[in-house]
Structure formats: C-alpha cells, structure tokens
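So the structure is just underneath, and the comments pick up after that.
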Amino acid sequence: MKRQWILQGRLVSGSRTAAHFTQLDWVQQQCREKLDFAPFPGTLNLDIDPDYLPLISELRGADAIELIPLASDGCAAKVIPLSIEGIRGAIVIPEDKVNIHGQNIVEVMAAVDLRESLDLEDGHLVTLYVDRPGKNKLQTR
C-alpha cells in the first residue's frame, strides 16, 4: 500500500515570480535529474483547506528532495513528488527567507502548464496526492 498525503486547496493567483526560479539552469537540471522532468515556467498556487493545515507542517518538515543552488547567491528549495489529476509534479518548499506566501499556500510545479492542461481557474478545488518520502512513486495515467 502506498502512503501519501492528500491535500485539498483552492487555486489562487500567485505573485508571478516563480517562473524565474523554475527556469534557472540549475533548477531545470536538478529537476530533470531528481524528479525526471524539467518544470514549466511558474507554479500552481493552492490555498490549502483549513482541514488540511495540520498536514502542512508535517509536509514542510518531511525529508524531501533538495534543490541546491550552484552559487551562494541562489536560494535552495525542497521538493516533494506528487500527482495532480494523473500528472506528475512536485510541491516546492522554498527556504523560509525567500518564501513570500503564508503557511496555507502550497506551490506546485510540473512539466506542463497545469492551469491549461487541467482547465483550471482561480477558485477551483484541487486535490493533491503527495508521495511520502521513501515510498513508491505514484503511478500516472
């Protein structure tokens, strides 16, 4: 049996700054090596339902895959693989010093534009199936 976190949240517009991070050469390279995909520019932002907020601190403290900058001026992040409507992606957990969102916002990246691929708009309810570290990867359709 696969163990995973299941989170639900409503899609919200972001600050439009994640596109820069996801397109950095070192982020693209490490995502290809560690997640088996190069991220689409930007992230999908979800305002997590209050019922799921206790899981957020567990998720943020989880032993996750690290994205490590090549230069000292870059910002590190942790990523945790997930599935969203059968599409593989990852939750991005930026270092606290650069995180511009509240604790209730989760950022998701994938190889595709999730808004377009899943026909999503702000306010849509989205369910994430997040891999627990050390467990088998989720299967996609």
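Chains: A, B, ... in order of the structure tokens. Residues: from 1 per chain. Ligands: from 1, in order shown.
Once Ile87 of chain A and its same-chain neighbours fewer than 3 positions away are set aside, Phe37, Pro81, Leu82, Ser83, Ile84, Ala90, Val108, Met109, Ala110, Ala111, Val112, Asp113, Leu114, Arg115, Ser117, Leu118, Thr127, Leu128, Tyr129, Val130, Leu138, Gln139, Thr140 and Arg141 of chain A remain within 12 Å of it when counting only C-alpha atoms.
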Using only C-alpha atoms, find the one residue out of A:Leu120, A:Gly9, A:Gly89, A:Lys78 that sits nearest to Pro39 of chain A. A:Gly89
Taking 3 positions as the minimum chain separation for residues in the same chain, which residues sit within 12 Å of Trp26 of chain A when counting only C-alpha atoms? Answer as a list in words.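 Once the adjacent positions are removed, what remains is His20, Phe21, Thr22, Gln23, Gln29, Gln30, Cys31, Arg32, Glu33, Lys34, Ala38, Pro39, Leu67, Ile68, Pro69, Leu70, Ala71, Gly74, Cys75, Ala76 and Ala77 of chain A.
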Kindly export the residues of the current selection with N, CA and C atoms, as a CSV table (one decimal), in the first residue's frame.
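Result went into part30.csv, see below:
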```
chain,number,residue,atom,x,y,z
A,20,HIS,N,10.7,32.7,-12.8
A,20,HIS,CA,12.1,32.9,-12.9
A,20,HIS,C,12.9,31.8,-12.2
A,21,PHE,N,12.4,31.4,-11.0
A,21,PHE,CA,13.1,30.3,-10.3
A,21,PHE,C,13.0,29.0,-11.1
A,22,THR,N,11.9,28.6,-11.6
A,22,THR,CA,11.7,27.3,-12.3
A,22,THR,C,12.5,27.3,-13.6
A,23,GLN,N,12.9,28.4,-14.1
A,23,GLN,CA,13.6,28.4,-15.4
A,23,GLN,C,15.1,28.6,-15.2
A,29,GLN,N,18.1,21.6,-14.5
A,29,GLN,CA,19.0,20.4,-14.5
A,29,GLN,C,18.7,19.5,-13.3
A,30,GLN,N,18.6,20.0,-12.1
A,30,GLN,CA,18.3,19.2,-10.9
A,30,GLN,C,16.9,18.6,-10.9
A,31,CYS,N,16.0,19.3,-11.4
A,31,CYS,CA,14.6,18.7,-11.6
A,31,CYS,C,14.6,17.5,-12.5
A,32,ARG,N,15.3,17.7,-13.6
A,32,ARG,CA,15.4,16.6,-14.6
A,32,ARG,C,16.1,15.4,-13.9
A,33,GLU,N,17.2,15.6,-13.2
A,33,GLU,CA,17.9,14.5,-12.5
A,33,GLU,C,17.1,13.9,-11.4
A,34,LYS,N,16.5,14.7,-10.6
A,34,LYS,CA,15.9,14.2,-9.3
A,34,LYS,C,14.4,13.9,-9.4
A,38,ALA,N,11.6,18.5,-16.4
A,38,ALA,CA,12.0,19.9,-16.3
A,38,ALA,C,10.8,20.8,-16.1
A,39,PRO,N,10.7,21.6,-15.1
A,39,PRO,CA,9.5,22.4,-14.9
A,39,PRO,C,9.1,23.4,-15.9
A,67,LEU,N,16.8,20.9,-3.8
A,67,LEU,CA,17.4,21.6,-4.9
A,67,LEU,C,18.4,22.6,-4.4
A,68,ILE,N,19.6,22.4,-4.8
A,68,ILE,CA,20.7,23.2,-4.2
A,68,ILE,C,21.3,24.1,-5.2
A,69,PRO,N,21.4,25.4,-4.9
A,69,PRO,CA,21.9,26.3,-5.9
A,69,PRO,C,23.4,26.1,-6.1
A,70,LEU,N,23.8,26.4,-7.3
A,70,LEU,CA,25.3,26.2,-7.7
A,70,LEU,C,26.1,27.4,-7.2
A,71,ALA,N,25.5,28.5,-6.9
A,71,ALA,CA,26.2,29.7,-6.4
A,71,ALA,C,25.6,30.1,-5.1
A,74,GLY,N,22.1,31.9,-4.8
A,74,GLY,CA,20.8,31.3,-5.1
A,74,GLY,C,20.1,30.9,-3.9
A,75,CYS,N,18.8,30.5,-4.1
A,75,CYS,CA,18.0,30.1,-2.9
A,75,CYS,C,17.7,28.6,-3.1
A,76,ALA,N,17.9,27.8,-2.0
A,76,ALA,CA,17.6,26.4,-2.1
A,76,ALA,C,16.1,26.2,-1.9
A,77,ALA,N,15.7,25.0,-2.2
A,77,ALA,CA,14.3,24.6,-2.0
A,77,ALA,C,14.2,23.1,-1.8
```
One decimal, Å: what's the distance from atom CA of Pro41 of chain A over to atom CA of Leu53 of chain A, could you say? 26.8 Å
When you look at Asp49 of chain A with a cut-off of 12 Å (counting only C-alpha atoms), what residues show up, excluding the ones that are within fewer than 4 positions of it in the same chain? I need them as number ranges by chain. A: 6-11, 53-56, 103-106, 123-128
Residue selection dump (C-alpha atoms) as a PDB file, in the first residue's frame:
```
ATOM      1  CA  ILE A   6      -3.783  14.003   0.455  1.00  0.00           C
ATOM      2  CA  LEU A   7      -4.312  17.768   0.414  1.00  0.00           C
ATOM      3  CA  GLN A   8      -7.095  19.917  -0.991  1.00  0.00           C
ATOM      4  CA  GLY A   9      -6.997  23.571  -1.754  1.00  0.00           C
ATOM      5  CA  ARG A  10      -8.457  26.274  -3.941  1.00  0.00           C
ATOM      6  CA  LEU A  11      -6.483  27.643  -6.848  1.00  0.00           C
ATOM      7  CA  LEU A  53      -3.436  22.674   7.564  1.00  0.00           C
ATOM      8  CA  PRO A  54      -2.097  20.248  10.225  1.00  0.00           C
ATOM      9  CA  LEU A  55      -0.575  18.220   7.388  1.00  0.00           C
ATOM     10  CA  ILE A  56       1.264  21.262   6.050  1.00  0.00           C
ATOM     11  CA  GLN A 103       1.833  28.831   5.530  1.00  0.00           C
ATOM     12  CA  ASN A 104      -1.515  27.963   3.919  1.00  0.00           C
ATOM     13  CA  ILE A 105      -0.234  28.370   0.330  1.00  0.00           C
ATOM     14  CA  VAL A 106       1.339  25.395  -1.452  1.00  0.00           C
ATOM     15  CA  GLY A 123     -11.325  29.200  -7.099  1.00  0.00           C
ATOM     16  CA  HIS A 124     -11.299  25.636  -8.442  1.00  0.00           C
ATOM     17  CA  LEU A 125     -10.874  22.949  -5.803  1.00  0.00           C
ATOM     18  CA  VAL A 126      -7.789  20.816  -6.473  1.00  0.00           C
ATOM     19  CA  THR A 127      -6.712  17.571  -4.784  1.00  0.00           C
ATOM     20  CA  LEU A 128      -3.025  16.676  -4.493  1.00  0.00           C
TER      21      LEU A 128
END
```
Run DSSP on the backbone and give me the residues of segment 20-135 of chain A it puts in strand (DSSP E), as a PyMOL selection string. chain A and resi 44-48+65-67+77-84+87-94+105-110+125-131
Of the candidates A:Asp36, A:Leu24, A:Glu66, A:Pro50, which shows the shortest atom-to-atom distance to Ile93 of chain A, using only C-alpha atoms?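 Going through A:Asp36, A:Leu24, A:Glu66, A:Pro50 one by one, the smallest distance to Ile93 of chain A is for A:Glu66.
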